[in-house]
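Reading through the structure tokens given below for one structure.
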Amino acid sequence: MPLSYIYTGFENASPLDWEVEADGTVRVSLLYDHERSSPNRAAGHWHFQLHTENPDLNPDSRLKLILENFDNIWNGKPGSPVSDRSNCFISTDGQNWSALPAEKIGGNRLQIQIEMTTDRLYLARLEPYRLSDLENLLTLIASHPYVAVTPIGKTVEGRRLELVRVGRPDAPYRVLLRARSHPWEPGGNWLVQGLIQKLLDDTDLTNRCLDHYCVYIIPMASKDGVARGHTRFNMMGVDLNRNWEQPADPNHAPENLALETVLDNMRDGDNLPHLAIDLHNDNSGKIHISNPVSNPQPYLANMQQFEQLMRQHTWFTEGSIGGNYAPAKTVSGFRNPGTFGEGLLQRYGIDACILELNCDWIAGLQKVPFGRDWELLGQQMCQVFLDYFSLRNLT
Ligand SMILES: [Zn+2]
């Protein structure tokens with residue numbers, strides 16, 4: 001099956017180089033994005049479209065691809081974003097996706113075998129969630145009386161950043177969620193989409209939720225990276241989930257400055273969130289709990305409660321790392337300084353954590369994760385927040 005072209009001229013397509021070897025194998029070399037003033041680099045997102053000519057006339061429809069350049073550097077150390085459980089998603093129309101196994105082979109590469117039955121086929125690391133998907137969601141909900149979409153700043157490249165409020169601003173409790181601080185990680189976008197749609201479904205349960213709490217969402221923090229199909233850093237080489245121990249650099253990280261300004265205004269109005277969660281994808285899917293330098297209670301008790309409610313009401317089973325209450329003492333020393341979780345806790349006193357969503361496998365459902373699975377998690381989290389605030393008895 002001859003490949004005629006790899007097309008990347010669309011939203012969220014990944015930058016790459018490619019060539020066809022003598023035996024017909026297609027070698028796809030992803031491009032790294034880099035962190036400024038740091039050895040860190042990352043590649044791991046792929047999203048492109050294969051073009052072939054006349055598949056009907058060609059008796060051999062098989063195509064072998066090798067993906068390479070997964071030699072990432074993370075926190076100054078080598079790390080690979082792919083594993084024996086990696087998948088590749090395929091779609092003919094960019095909307096309906098299915099998953100294939102991607103086999104890890106020598107040299108930290110992935111081998112993908114494809115049956116080309118059409119002349120155009122999209123491939124992606126995960127089921128994509130693009131800026132246009134977010135725009136569709138915002139259009140759908142914008143006129144709802146419980147929704148407010150407020151512009152809060154711009155990305156490095158001038159894309160609008162928004163804060164989405166779902167609920168009544170005078171509800172007794174507030175939750176803040178941020179999704180997509182790392183461009184390759186669409187899981188958080190699917191989760192907040194599920195959560196928002198559930199909260200607006202006008203049932204007894206969700207009306208009780210809206211009586212108790214109001215949700216504030218930064219739905220897509222790294223819009224430039226999502227548009228350009230980058231992996232981890234913003235266009236100035238900043239990791240938006242680092243350096244939260246200090247004020248954001250307005251030139252290098254306007255995306256974080258926008259969120260800080262929101263938090264500063266909330267603090268001035270004495271209405272900071274009671275709980276904040278940064279949503280990510282990784283290969284293990286745990287809650288990352290901070291280790292407060294002083295006065296760890298009631299933070300750790302609240303996080304323990306949150307984890308327990310996640311296990312009770314959602315498909316989440318992966319557990320946590322970090323906080324000293326965590327049962328796995330072997331990892332209790334885990335610390336990732338400067339993350340959203342640590343920064344919001346230290347600087348604003350907000351109970352904050354990171355929720356990673358395993359990109360390869362959902363243990364609680366025994367399946368490869370699709371967008372709808374993360375939407376389901378968001379739907380189920382309505383009840384988690386309701387119980388969390390009902391049990392906490394905050395004043
Ligand atoms: Zn991440």
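Scheme for the structure tokens: letters A, B, ... for chains in order shown; per-chain residue numbers from 1; ligand numbers from 1 in order shown.
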Closest atom pairs, segment 222-260 of chain A residues within 7 Å of segment 339-358 of chain A, only C-alpha atoms, as a Markdown table:
```
| residue | atom | partner | partner_atom | distance |
| --- | --- | --- | --- | --- |
| A:Asn241 | CA | A:Thr339 | CA | 4.9 |
| A:Arg242 | CA | A:Thr339 | CA | 4.7 |
| A:Asn243 | CA | A:Thr339 | CA | 6.7 |
| A:Trp244 | CA | A:Gly343 | CA | 4.5 |
| A:Glu245 | CA | A:Gly343 | CA | 4.8 |
```
Do you have, as a Markdown table, the list of residues of chain A lying at most 7 Å from ligand 1, each with its nearest atom pair and that distance in Å to one decimal, counting only C-alpha atoms and all ligand atoms and ordered by chain then number?
```
| residue | atom | partner | partner_atom_place_in_ligand_line | distance |
| --- | --- | --- | --- | --- |
| A:Ser181 | CA | ligand 1 | 1 (Zn) | 6.7 |
| A:His182 | CA | ligand 1 | 1 (Zn) | 5.0 |
| A:Glu185 | CA | ligand 1 | 1 (Zn) | 6.4 |
| A:His280 | CA | ligand 1 | 1 (Zn) | 4.4 |
| A:Asn281 | CA | ligand 1 | 1 (Zn) | 5.5 |
| A:Asp282 | CA | ligand 1 | 1 (Zn) | 6.7 |
```
Restricting the output to C-alpha atoms, write the selected residues as an mmCIF file, in the first residue's frame.
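Everything below was put into result.cif:
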```cif
data_model
loop_
_atom_site.group_PDB
_atom_site.id
_atom_site.type_symbol
_atom_site.label_atom_id
_atom_site.label_comp_id
_atom_site.auth_asym_id
_atom_site.auth_seq_id
_atom_site.Cartn_x
_atom_site.Cartn_y
_atom_site.Cartn_z
ATOM 1 C CA SER A 181 -2.583 22.950 30.917
ATOM 2 C CA HIS A 182 -0.645 20.372 28.888
ATOM 3 C CA GLU A 185 -3.858 15.709 27.460
ATOM 4 C CA HIS A 280 -4.160 15.843 33.435
ATOM 5 C CA ASN A 281 -3.370 12.626 31.579
ATOM 6 C CA ASP A 282 -0.486 10.308 32.378
#
```
From segment 45-244 of chain A, collect each residue whose DSSP state is alpha helix (DSSP H) and return the set as a compact mmCIF listing (two decimals) with all heavy atoms, in the first residue's frame.
```
# COMPACT_ATOMS: atom_id res chain seq x y z
N LEU A 131 -10.00 22.96 19.93
CA LEU A 131 -10.60 24.27 20.23
C LEU A 131 -12.02 24.34 19.67
O LEU A 131 -12.92 24.90 20.31
CB LEU A 131 -9.77 25.41 19.63
CG LEU A 131 -8.56 25.87 20.45
CD1 LEU A 131 -7.41 24.89 20.34
CD2 LEU A 131 -8.12 27.25 20.03
N SER A 132 -12.22 23.76 18.49
CA SER A 132 -13.56 23.81 17.88
C SER A 132 -14.56 23.00 18.70
O SER A 132 -15.74 23.35 18.78
CB SER A 132 -13.51 23.31 16.44
OG SER A 132 -12.91 22.03 16.38
N ASP A 133 -14.11 21.92 19.36
CA ASP A 133 -15.01 21.15 20.23
C ASP A 133 -15.42 22.00 21.43
O ASP A 133 -16.57 21.99 21.86
CB ASP A 133 -14.32 19.86 20.71
CG ASP A 133 -13.98 18.94 19.56
OD1 ASP A 133 -14.89 18.63 18.78
OD2 ASP A 133 -12.81 18.54 19.43
N LEU A 134 -14.46 22.76 21.96
CA LEU A 134 -14.77 23.64 23.09
C LEU A 134 -15.74 24.74 22.65
O LEU A 134 -16.70 25.07 23.36
CB LEU A 134 -13.48 24.24 23.66
CG LEU A 134 -13.67 25.26 24.77
CD1 LEU A 134 -14.37 24.64 25.99
CD2 LEU A 134 -12.33 25.88 25.19
N GLU A 135 -15.49 25.31 21.47
CA GLU A 135 -16.38 26.37 20.97
C GLU A 135 -17.81 25.84 20.82
O GLU A 135 -18.77 26.52 21.16
CB GLU A 135 -15.88 26.91 19.62
CG GLU A 135 -14.65 27.80 19.72
CD GLU A 135 -14.83 28.97 20.69
OE1 GLU A 135 -15.92 29.59 20.68
OE2 GLU A 135 -13.91 29.25 21.47
N ASN A 136 -17.94 24.60 20.31
CA ASN A 136 -19.27 24.00 20.17
C ASN A 136 -19.95 23.87 21.52
O ASN A 136 -21.14 24.17 21.66
CB ASN A 136 -19.17 22.62 19.52
CG ASN A 136 -18.78 22.70 18.06
OD1 ASN A 136 -18.91 23.75 17.44
ND2 ASN A 136 -18.29 21.60 17.51
N LEU A 137 -19.20 23.44 22.52
CA LEU A 137 -19.77 23.29 23.86
C LEU A 137 -20.21 24.64 24.41
O LEU A 137 -21.33 24.79 24.93
CB LEU A 137 -18.73 22.66 24.81
CG LEU A 137 -19.14 22.62 26.28
CD1 LEU A 137 -20.29 21.64 26.50
CD2 LEU A 137 -17.95 22.23 27.17
N LEU A 138 -19.34 25.65 24.26
CA LEU A 138 -19.67 26.97 24.82
C LEU A 138 -20.89 27.57 24.12
O LEU A 138 -21.73 28.21 24.76
CB LEU A 138 -18.45 27.91 24.73
CG LEU A 138 -17.23 27.48 25.56
CD1 LEU A 138 -16.09 28.48 25.40
CD2 LEU A 138 -17.57 27.29 27.03
N THR A 139 -20.99 27.36 22.82
CA THR A 139 -22.17 27.84 22.08
C THR A 139 -23.44 27.20 22.62
O THR A 139 -24.47 27.85 22.79
CB THR A 139 -22.02 27.53 20.58
OG1 THR A 139 -20.79 28.10 20.14
CG2 THR A 139 -23.17 28.09 19.76
N LEU A 140 -23.33 25.91 22.91
CA LEU A 140 -24.48 25.14 23.39
C LEU A 140 -24.97 25.63 24.75
O LEU A 140 -26.17 25.65 25.03
CB LEU A 140 -24.04 23.67 23.49
CG LEU A 140 -25.02 22.57 23.21
CD1 LEU A 140 -25.51 22.64 21.78
CD2 LEU A 140 -24.31 21.20 23.43
N ILE A 141 -24.04 26.01 25.63
CA ILE A 141 -24.43 26.30 27.02
C ILE A 141 -24.50 27.80 27.33
O ILE A 141 -25.02 28.19 28.37
CB ILE A 141 -23.44 25.64 28.03
CG1 ILE A 141 -22.02 26.21 27.87
CG2 ILE A 141 -23.45 24.14 27.86
CD1 ILE A 141 -21.07 25.80 28.97
N GLY A 187 -8.01 14.48 28.21
CA GLY A 187 -8.92 13.86 29.17
C GLY A 187 -9.70 14.87 30.00
O GLY A 187 -10.90 14.72 30.21
N GLY A 188 -9.01 15.92 30.47
CA GLY A 188 -9.66 16.91 31.31
C GLY A 188 -10.76 17.65 30.58
O GLY A 188 -11.78 18.02 31.17
N ASN A 189 -10.58 17.86 29.27
CA ASN A 189 -11.63 18.53 28.50
C ASN A 189 -12.89 17.68 28.41
O ASN A 189 -14.01 18.17 28.54
CB ASN A 189 -11.14 18.83 27.07
CG ASN A 189 -10.43 20.16 27.01
OD1 ASN A 189 -9.28 20.21 26.62
ND2 ASN A 189 -11.11 21.22 27.42
N TRP A 190 -12.71 16.38 28.17
CA TRP A 190 -13.87 15.49 28.13
C TRP A 190 -14.55 15.45 29.50
O TRP A 190 -15.77 15.46 29.60
CB TRP A 190 -13.43 14.08 27.71
CG TRP A 190 -12.98 13.99 26.29
CD1 TRP A 190 -11.70 13.87 25.83
CD2 TRP A 190 -13.80 14.03 25.12
NE1 TRP A 190 -11.68 13.83 24.46
CE2 TRP A 190 -12.96 13.92 24.00
CE3 TRP A 190 -15.18 14.14 24.92
CZ2 TRP A 190 -13.43 13.92 22.70
CZ3 TRP A 190 -15.67 14.13 23.63
CH2 TRP A 190 -14.80 14.03 22.53
N LEU A 191 -13.72 15.42 30.56
CA LEU A 191 -14.29 15.37 31.92
C LEU A 191 -15.15 16.60 32.20
O LEU A 191 -16.28 16.48 32.66
CB LEU A 191 -13.15 15.22 32.93
CG LEU A 191 -13.54 14.97 34.38
CD1 LEU A 191 -12.41 14.26 35.13
CD2 LEU A 191 -13.92 16.23 35.13
N VAL A 192 -14.62 17.79 31.93
CA VAL A 192 -15.41 18.99 32.26
C VAL A 192 -16.64 19.10 31.35
O VAL A 192 -17.68 19.58 31.78
CB VAL A 192 -14.57 20.30 32.25
CG1 VAL A 192 -13.51 20.27 33.32
CG2 VAL A 192 -14.00 20.63 30.91
N GLN A 193 -16.53 18.60 30.13
CA GLN A 193 -17.71 18.61 29.25
C GLN A 193 -18.83 17.74 29.85
O GLN A 193 -19.99 18.14 29.91
CB GLN A 193 -17.34 18.11 27.85
CG GLN A 193 -18.52 18.04 26.91
CD GLN A 193 -18.10 17.99 25.45
OE1 GLN A 193 -17.58 18.98 24.91
NE2 GLN A 193 -18.29 16.85 24.80
N GLY A 194 -18.46 16.55 30.35
CA GLY A 194 -19.44 15.67 30.99
C GLY A 194 -20.02 16.30 32.24
O GLY A 194 -21.23 16.25 32.48
N LEU A 195 -19.16 16.92 33.04
CA LEU A 195 -19.60 17.56 34.29
C LEU A 195 -20.58 18.69 34.01
O LEU A 195 -21.65 18.79 34.63
CB LEU A 195 -18.37 18.09 35.05
CG LEU A 195 -18.63 18.92 36.29
CD1 LEU A 195 -19.12 18.05 37.44
CD2 LEU A 195 -17.38 19.69 36.71
N ILE A 196 -20.24 19.54 33.05
CA ILE A 196 -21.10 20.70 32.73
C ILE A 196 -22.45 20.23 32.23
O ILE A 196 -23.50 20.69 32.69
CB ILE A 196 -20.41 21.60 31.67
CG1 ILE A 196 -19.18 22.29 32.25
CG2 ILE A 196 -21.40 22.64 31.13
CD1 ILE A 196 -18.32 23.02 31.21
N GLN A 197 -22.45 19.29 31.29
CA GLN A 197 -23.73 18.85 30.72
C GLN A 197 -24.60 18.18 31.77
O GLN A 197 -25.81 18.35 31.79
CB GLN A 197 -23.47 17.95 29.51
CG GLN A 197 -22.91 18.80 28.35
CD GLN A 197 -22.62 18.02 27.09
OE1 GLN A 197 -22.34 16.83 27.15
NE2 GLN A 197 -22.66 18.69 25.94
N LYS A 198 -23.97 17.43 32.69
CA LYS A 198 -24.73 16.78 33.75
C LYS A 198 -25.33 17.84 34.69
O LYS A 198 -26.51 17.77 35.06
CB LYS A 198 -23.81 15.84 34.52
CG LYS A 198 -24.43 15.14 35.71
CD LYS A 198 -25.30 14.00 35.25
CE LYS A 198 -25.91 13.28 36.44
NZ LYS A 198 -26.92 12.32 36.01
N LEU A 199 -24.51 18.83 35.07
CA LEU A 199 -25.00 19.84 36.02
C LEU A 199 -26.19 20.62 35.47
O LEU A 199 -26.99 21.17 36.23
CB LEU A 199 -23.88 20.81 36.38
CG LEU A 199 -22.87 20.33 37.43
CD1 LEU A 199 -21.73 21.33 37.55
CD2 LEU A 199 -23.54 20.10 38.79
N ASP A 204 -33.44 16.20 39.97
CA ASP A 204 -33.39 16.46 41.42
C ASP A 204 -31.95 16.50 41.92
O ASP A 204 -31.56 17.37 42.68
CB ASP A 204 -34.16 15.36 42.17
CG ASP A 204 -35.66 15.56 42.02
OD1 ASP A 204 -36.05 16.61 41.47
OD2 ASP A 204 -36.42 14.66 42.44
N LEU A 205 -31.17 15.50 41.48
CA LEU A 205 -29.78 15.42 41.95
C LEU A 205 -28.99 16.67 41.58
O LEU A 205 -28.37 17.31 42.43
CB LEU A 205 -29.08 14.18 41.36
CG LEU A 205 -27.56 14.16 41.56
CD1 LEU A 205 -27.20 14.00 43.04
CD2 LEU A 205 -26.89 13.07 40.73
N THR A 206 -29.06 17.04 40.30
CA THR A 206 -28.20 18.15 39.89
C THR A 206 -28.73 19.49 40.40
O THR A 206 -27.95 20.41 40.66
CB THR A 206 -28.00 18.16 38.36
OG1 THR A 206 -29.28 18.12 37.73
CG2 THR A 206 -27.18 16.98 37.92
N ASN A 207 -30.04 19.59 40.62
CA ASN A 207 -30.53 20.82 41.24
C ASN A 207 -30.05 20.94 42.69
O ASN A 207 -29.74 22.03 43.16
CB ASN A 207 -32.05 20.89 41.15
CG ASN A 207 -32.49 21.18 39.71
OD1 ASN A 207 -31.75 21.83 38.95
ND2 ASN A 207 -33.64 20.68 39.32
N ARG A 208 -29.96 19.77 43.39
CA ARG A 208 -29.37 19.81 44.74
C ARG A 208 -27.90 20.21 44.66
O ARG A 208 -27.40 20.95 45.50
CB ARG A 208 -29.51 18.43 45.40
CG ARG A 208 -30.75 18.33 46.29
CD ARG A 208 -30.67 17.14 47.21
NE ARG A 208 -30.62 15.90 46.45
CZ ARG A 208 -29.82 14.86 46.72
NH1 ARG A 208 -29.02 14.90 47.76
NH2 ARG A 208 -29.85 13.79 45.98
N CYS A 209 -27.21 19.69 43.65
CA CYS A 209 -25.79 20.06 43.46
C CYS A 209 -25.68 21.58 43.32
O CYS A 209 -24.84 22.22 43.97
CB CYS A 209 -25.22 19.40 42.21
SG CYS A 209 -25.04 17.62 42.35
N LEU A 210 -26.52 22.16 42.46
CA LEU A 210 -26.42 23.59 42.20
C LEU A 210 -26.85 24.42 43.41
O LEU A 210 -26.45 25.58 43.54
CB LEU A 210 -27.24 23.96 40.96
CG LEU A 210 -26.71 23.35 39.65
CD1 LEU A 210 -27.68 23.61 38.51
CD2 LEU A 210 -25.33 23.91 39.31
N ASP A 211 -27.66 23.84 44.30
CA ASP A 211 -27.97 24.53 45.55
C ASP A 211 -26.75 24.60 46.46
O ASP A 211 -26.61 25.51 47.27
CB ASP A 211 -29.08 23.78 46.32
CG ASP A 211 -30.44 24.02 45.68
OD1 ASP A 211 -30.57 24.99 44.91
OD2 ASP A 211 -31.36 23.23 45.96
N HIS A 212 -25.88 23.58 46.34
CA HIS A 212 -24.75 23.46 47.26
C HIS A 212 -23.47 24.13 46.76
O HIS A 212 -22.70 24.65 47.54
CB HIS A 212 -24.44 21.99 47.55
CG HIS A 212 -25.24 21.43 48.67
ND1 HIS A 212 -26.57 21.11 48.55
CD2 HIS A 212 -24.90 21.16 49.96
CE1 HIS A 212 -27.01 20.65 49.71
NE2 HIS A 212 -26.02 20.67 50.58
N LYS A 223 -4.24 26.78 25.01
CA LYS A 223 -4.92 26.74 23.70
C LYS A 223 -3.95 26.78 22.52
O LYS A 223 -4.19 26.13 21.51
CB LYS A 223 -5.88 27.93 23.58
CG LYS A 223 -7.22 27.70 24.24
CD LYS A 223 -8.19 28.81 23.87
CE LYS A 223 -9.55 28.54 24.48
NZ LYS A 223 -10.50 29.63 24.25
N ASP A 224 -2.88 27.54 22.65
CA ASP A 224 -1.92 27.61 21.53
C ASP A 224 -1.37 26.22 21.23
O ASP A 224 -1.28 25.80 20.07
CB ASP A 224 -0.75 28.54 21.86
CG ASP A 224 -1.18 29.98 22.11
OD1 ASP A 224 -2.30 30.34 21.72
OD2 ASP A 224 -0.36 30.75 22.68
N GLY A 225 -0.97 25.53 22.28
CA GLY A 225 -0.39 24.20 22.12
C GLY A 225 -1.40 23.20 21.56
O GLY A 225 -1.05 22.32 20.77
N VAL A 226 -2.67 23.34 21.98
CA VAL A 226 -3.71 22.45 21.44
C VAL A 226 -3.90 22.72 19.95
O VAL A 226 -3.96 21.81 19.13
CB VAL A 226 -5.04 22.62 22.21
CG1 VAL A 226 -6.13 21.77 21.58
CG2 VAL A 226 -4.86 22.26 23.68
N ALA A 227 -3.97 24.01 19.59
CA ALA A 227 -4.16 24.37 18.17
C ALA A 227 -3.02 23.83 17.32
O ALA A 227 -3.24 23.30 16.23
CB ALA A 227 -4.26 25.89 18.04
N ARG A 228 -1.81 23.95 17.85
CA ARG A 228 -0.63 23.57 17.05
C ARG A 228 -0.21 22.12 17.22
O ARG A 228 0.80 21.69 16.67
CB ARG A 228 0.55 24.46 17.46
CG ARG A 228 0.40 25.89 17.02
CD ARG A 228 1.52 26.71 17.65
NE ARG A 228 1.56 28.07 17.14
CZ ARG A 228 2.30 28.44 16.09
NH1 ARG A 228 3.03 27.56 15.44
NH2 ARG A 228 2.30 29.69 15.69
```
**OP:** Have a look at A:Ile66, A:Ala258, A:Ile73, A:Ile289 and name the one nearest to Ala43 of chain A; count only C-alpha atoms.
**Re:** A:Ile73
Original post:
What is the atom CA of Tyr216 of chain A to atom CA of Asp249 of chain A distance in Å?
Top reply: 23.2 Å
Original post:
In terms of the shortest atom-to-atom distance over only C-alpha atoms, which of A:Val147, A:Ala142, A:Leu126, A:Leu240 is closest to Arg180 of chain A?
Top reply: A:Leu240
Original post:
When you draw a straight line from atom CA of Trp374 of chain A to atom CA of Phe233 of chain A, how long is it in Å?
Top reply: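 Separation between atom CA of Trp374 of chain A and atom CA of Phe233 of chain A: 23.1 Å.
Near segment 15-31 of chain A, within 7 Å and counting only C-alpha atoms, sit Ala43, Lys64, Leu65, Ile66, Leu67, Glu68, Asn69 and Gly229 of chain A; same-chain residues fewer than 3 positions away were not included.
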Residues from last step as file, all heavy atoms, as a compact mmCIF listing (two decimals), in the first residue's frame:
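Result saved to result.txt:
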```txt
# COMPACT_ATOMS: atom_id res chain seq x y z
N ALA A 43 7.77 15.10 23.56
CA ALA A 43 6.96 14.74 22.38
C ALA A 43 6.13 13.54 22.83
O ALA A 43 6.60 12.73 23.61
CB ALA A 43 7.82 14.39 21.19
N LYS A 64 2.48 -0.26 7.50
CA LYS A 64 3.20 -0.33 8.78
C LYS A 64 3.83 1.03 9.07
O LYS A 64 4.53 1.58 8.23
CB LYS A 64 4.28 -1.41 8.72
CG LYS A 64 4.97 -1.60 10.07
CD LYS A 64 5.78 -2.88 10.11
CE LYS A 64 7.22 -2.61 9.71
NZ LYS A 64 8.08 -3.80 9.82
N LEU A 65 3.53 1.56 10.27
CA LEU A 65 4.12 2.83 10.68
C LEU A 65 5.02 2.62 11.88
O LEU A 65 4.70 1.83 12.77
CB LEU A 65 3.04 3.83 11.10
CG LEU A 65 2.21 4.48 10.01
CD1 LEU A 65 0.97 3.66 9.77
CD2 LEU A 65 1.85 5.89 10.39
N ILE A 66 6.12 3.35 11.92
CA ILE A 66 6.97 3.40 13.10
C ILE A 66 6.98 4.85 13.58
O ILE A 66 7.33 5.76 12.81
CB ILE A 66 8.43 2.98 12.79
CG1 ILE A 66 8.49 1.60 12.13
CG2 ILE A 66 9.28 3.07 14.03
CD1 ILE A 66 8.34 0.44 13.05
N LEU A 67 6.57 5.06 14.82
CA LEU A 67 6.60 6.41 15.41
C LEU A 67 7.82 6.51 16.31
O LEU A 67 8.07 5.60 17.12
CB LEU A 67 5.33 6.67 16.23
CG LEU A 67 4.15 7.31 15.49
CD1 LEU A 67 3.75 6.47 14.30
CD2 LEU A 67 2.97 7.48 16.43
N GLU A 68 8.54 7.63 16.20
CA GLU A 68 9.75 7.77 17.02
C GLU A 68 9.88 9.19 17.57
O GLU A 68 9.10 10.08 17.23
CB GLU A 68 11.00 7.41 16.20
CG GLU A 68 11.23 8.35 15.03
CD GLU A 68 12.43 7.96 14.18
OE1 GLU A 68 12.94 6.83 14.32
OE2 GLU A 68 12.85 8.80 13.38
N ASN A 69 10.87 9.33 18.43
CA ASN A 69 11.17 10.56 19.19
C ASN A 69 10.30 10.65 20.44
O ASN A 69 9.62 11.65 20.67
CB ASN A 69 11.04 11.83 18.34
CG ASN A 69 12.19 11.96 17.36
OD1 ASN A 69 13.14 11.19 17.42
ND2 ASN A 69 12.10 12.91 16.46
N GLY A 229 -0.93 21.36 18.04
CA GLY A 229 -0.59 19.95 18.23
C GLY A 229 0.70 19.73 18.99
O GLY A 229 1.41 18.75 18.76
```
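All residues within segment 300-360 of chain A that the backbone DSSP calculation assigns to strand (DSSP E) are Ser320, Ile321, Asp351, Ala352, Cys353, Ile354, Leu355, Glu356, Leu357 and Asn358 of chain A.
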Preceding selection exported with C-alpha atoms as a tab-separated table (two decimals), in the first residue's frame:
```tsv
chain	number	residue	atom	x	y	z
A	320	SER	CA	-3.21	8.67	45.20
A	321	ILE	CA	0.38	9.66	45.70
A	351	ASP	CA	-7.41	22.63	49.04
A	352	ALA	CA	-5.90	21.78	45.67
A	353	CYS	CA	-4.71	18.63	43.94
A	354	ILE	CA	-3.90	17.19	40.54
A	355	LEU	CA	-6.15	14.52	39.05
A	356	GLU	CA	-4.30	12.44	36.47
A	357	LEU	CA	-6.36	10.33	34.07
A	358	ASN	CA	-4.63	7.19	32.84
```
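Residue nearest Asn265 of chain A within the list A:Tyr7, A:Asp33, A:Ile90, A:Ile152: A:Ile152 [criterion: smallest interatomic distance, only C-alpha atoms].
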List the spatial neighbours of Gly323 of chain A as a PDB file with N, CA and C atoms, in the first residue's frame - criterion: any atom at most 8 Å away, only C-alpha atoms, same-chain residues fewer than 6 positions off excluded.
```pdb
ATOM      1  N   HIS A 288      -2.745  13.403  42.712  1.00  0.00           N
ATOM      2  CA  HIS A 288      -1.480  13.874  43.296  1.00  0.00           C
ATOM      3  C   HIS A 288      -1.811  14.857  44.407  1.00  0.00           C
ATOM      4  N   ILE A 289      -1.463  14.464  45.623  1.00  0.00           N
ATOM      5  CA  ILE A 289      -1.776  15.279  46.786  1.00  0.00           C
ATOM      6  C   ILE A 289      -0.518  16.000  47.231  1.00  0.00           C
ATOM      7  N   SER A 290      -0.669  17.238  47.623  1.00  0.00           N
ATOM      8  CA  SER A 290       0.499  18.017  48.042  1.00  0.00           C
ATOM      9  C   SER A 290       0.915  17.631  49.454  1.00  0.00           C
ATOM     10  N   ASN A 291       2.145  17.986  49.783  1.00  0.00           N
ATOM     11  CA  ASN A 291       2.631  17.806  51.148  1.00  0.00           C
ATOM     12  C   ASN A 291       2.834  19.185  51.751  1.00  0.00           C
ATOM     13  N   LEU A 300      -5.072  17.394  54.442  1.00  0.00           N
ATOM     14  CA  LEU A 300      -4.932  15.971  54.135  1.00  0.00           C
ATOM     15  C   LEU A 300      -6.217  15.204  54.415  1.00  0.00           C
ATOM     16  N   SER A 332       5.120   8.020  49.706  1.00  0.00           N
ATOM     17  CA  SER A 332       4.633   9.164  50.460  1.00  0.00           C
ATOM     18  C   SER A 332       5.589  10.353  50.388  1.00  0.00           C
TER      19      SER A 332
END
```
Original post:
Closest to Ser4 of chain A among A:Arg62, A:Arg120, A:His45, A:Arg392, using only C-alpha atoms?
Top reply: A:Arg120
Original post:
In terms of the shortest atom-to-atom distance over only C-alpha atoms, which of A:Ala221, A:Ile287, A:Cys214, A:Leu50 is closest to Glu307 of chain A?
Top reply: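 The closest residue to Glu307 of chain A is A:Ile287.
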Original post:
For Phe48 of chain A, which residue among A:Glu260, A:Asp60, A:Glu35, A:Glu11 is the nearest when counting only C-alpha atoms?
Top reply: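 Among A:Glu260, A:Asp60, A:Glu35, A:Glu11, it is A:Glu11 that comes nearest to Phe48 of chain A.
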**OP:** Would you mind listing what lies within 10 Å of Val262 of chain A as a PyMOL selection string, with only C-alpha atoms counted and same-chain residues fewer than 6 positions away left out?
**Re:** chain A and resi 152-153+163+256+268+272
Store the residues of this selection in a file with all heavy atoms, as a CSV table (one decimal), in the first residue's frame.
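Final output, selection_2.csv:
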```csv
chain,number,residue,atom,x,y,z
A,152,ILE,N,-10.9,36.0,30.4
A,152,ILE,CA,-10.0,36.4,31.5
A,152,ILE,C,-8.6,36.7,31.1
A,152,ILE,O,-7.7,37.0,31.9
A,152,ILE,CB,-10.0,35.2,32.6
A,152,ILE,CG1,-9.5,33.9,31.9
A,152,ILE,CG2,-11.3,35.1,33.3
A,152,ILE,CD1,-9.1,32.8,32.9
A,153,GLY,N,-8.3,36.7,29.8
A,153,GLY,CA,-7.0,37.0,29.4
A,153,GLY,C,-6.7,36.3,28.0
A,153,GLY,O,-7.6,35.8,27.4
A,163,LEU,N,-13.1,31.8,31.6
A,163,LEU,CA,-13.6,31.2,32.8
A,163,LEU,C,-15.0,30.9,32.6
A,163,LEU,O,-15.8,31.8,32.3
A,163,LEU,CB,-13.4,32.1,34.0
A,163,LEU,CG,-13.8,31.6,35.4
A,163,LEU,CD1,-12.9,30.4,35.8
A,163,LEU,CD2,-13.8,32.7,36.4
A,256,ASN,N,-1.1,31.5,32.9
A,256,ASN,CA,-1.2,31.3,34.4
A,256,ASN,C,-1.5,32.7,35.0
A,256,ASN,O,-2.2,32.7,36.1
A,256,ASN,CB,0.2,30.8,34.9
A,256,ASN,CG,0.2,29.3,34.7
A,256,ASN,OD1,-0.7,28.7,34.2
A,256,ASN,ND2,1.4,28.7,35.1
A,268,ASP,N,-10.0,38.9,47.0
A,268,ASP,CA,-10.4,40.2,47.4
A,268,ASP,C,-11.9,40.2,47.7
A,268,ASP,O,-12.4,40.9,48.6
A,268,ASP,CB,-10.2,41.2,46.3
A,268,ASP,CG,-8.7,41.5,46.1
A,268,ASP,OD1,-7.9,41.1,47.0
A,268,ASP,OD2,-8.3,42.1,45.1
A,272,LEU,N,-12.9,32.7,47.5
A,272,LEU,CA,-12.0,31.8,46.9
A,272,LEU,C,-12.6,30.4,46.8
A,272,LEU,O,-13.5,30.1,47.6
A,272,LEU,CB,-10.7,31.7,47.8
A,272,LEU,CG,-9.6,32.7,47.5
A,272,LEU,CD1,-8.5,32.6,48.6
A,272,LEU,CD2,-9.0,32.6,46.1
```
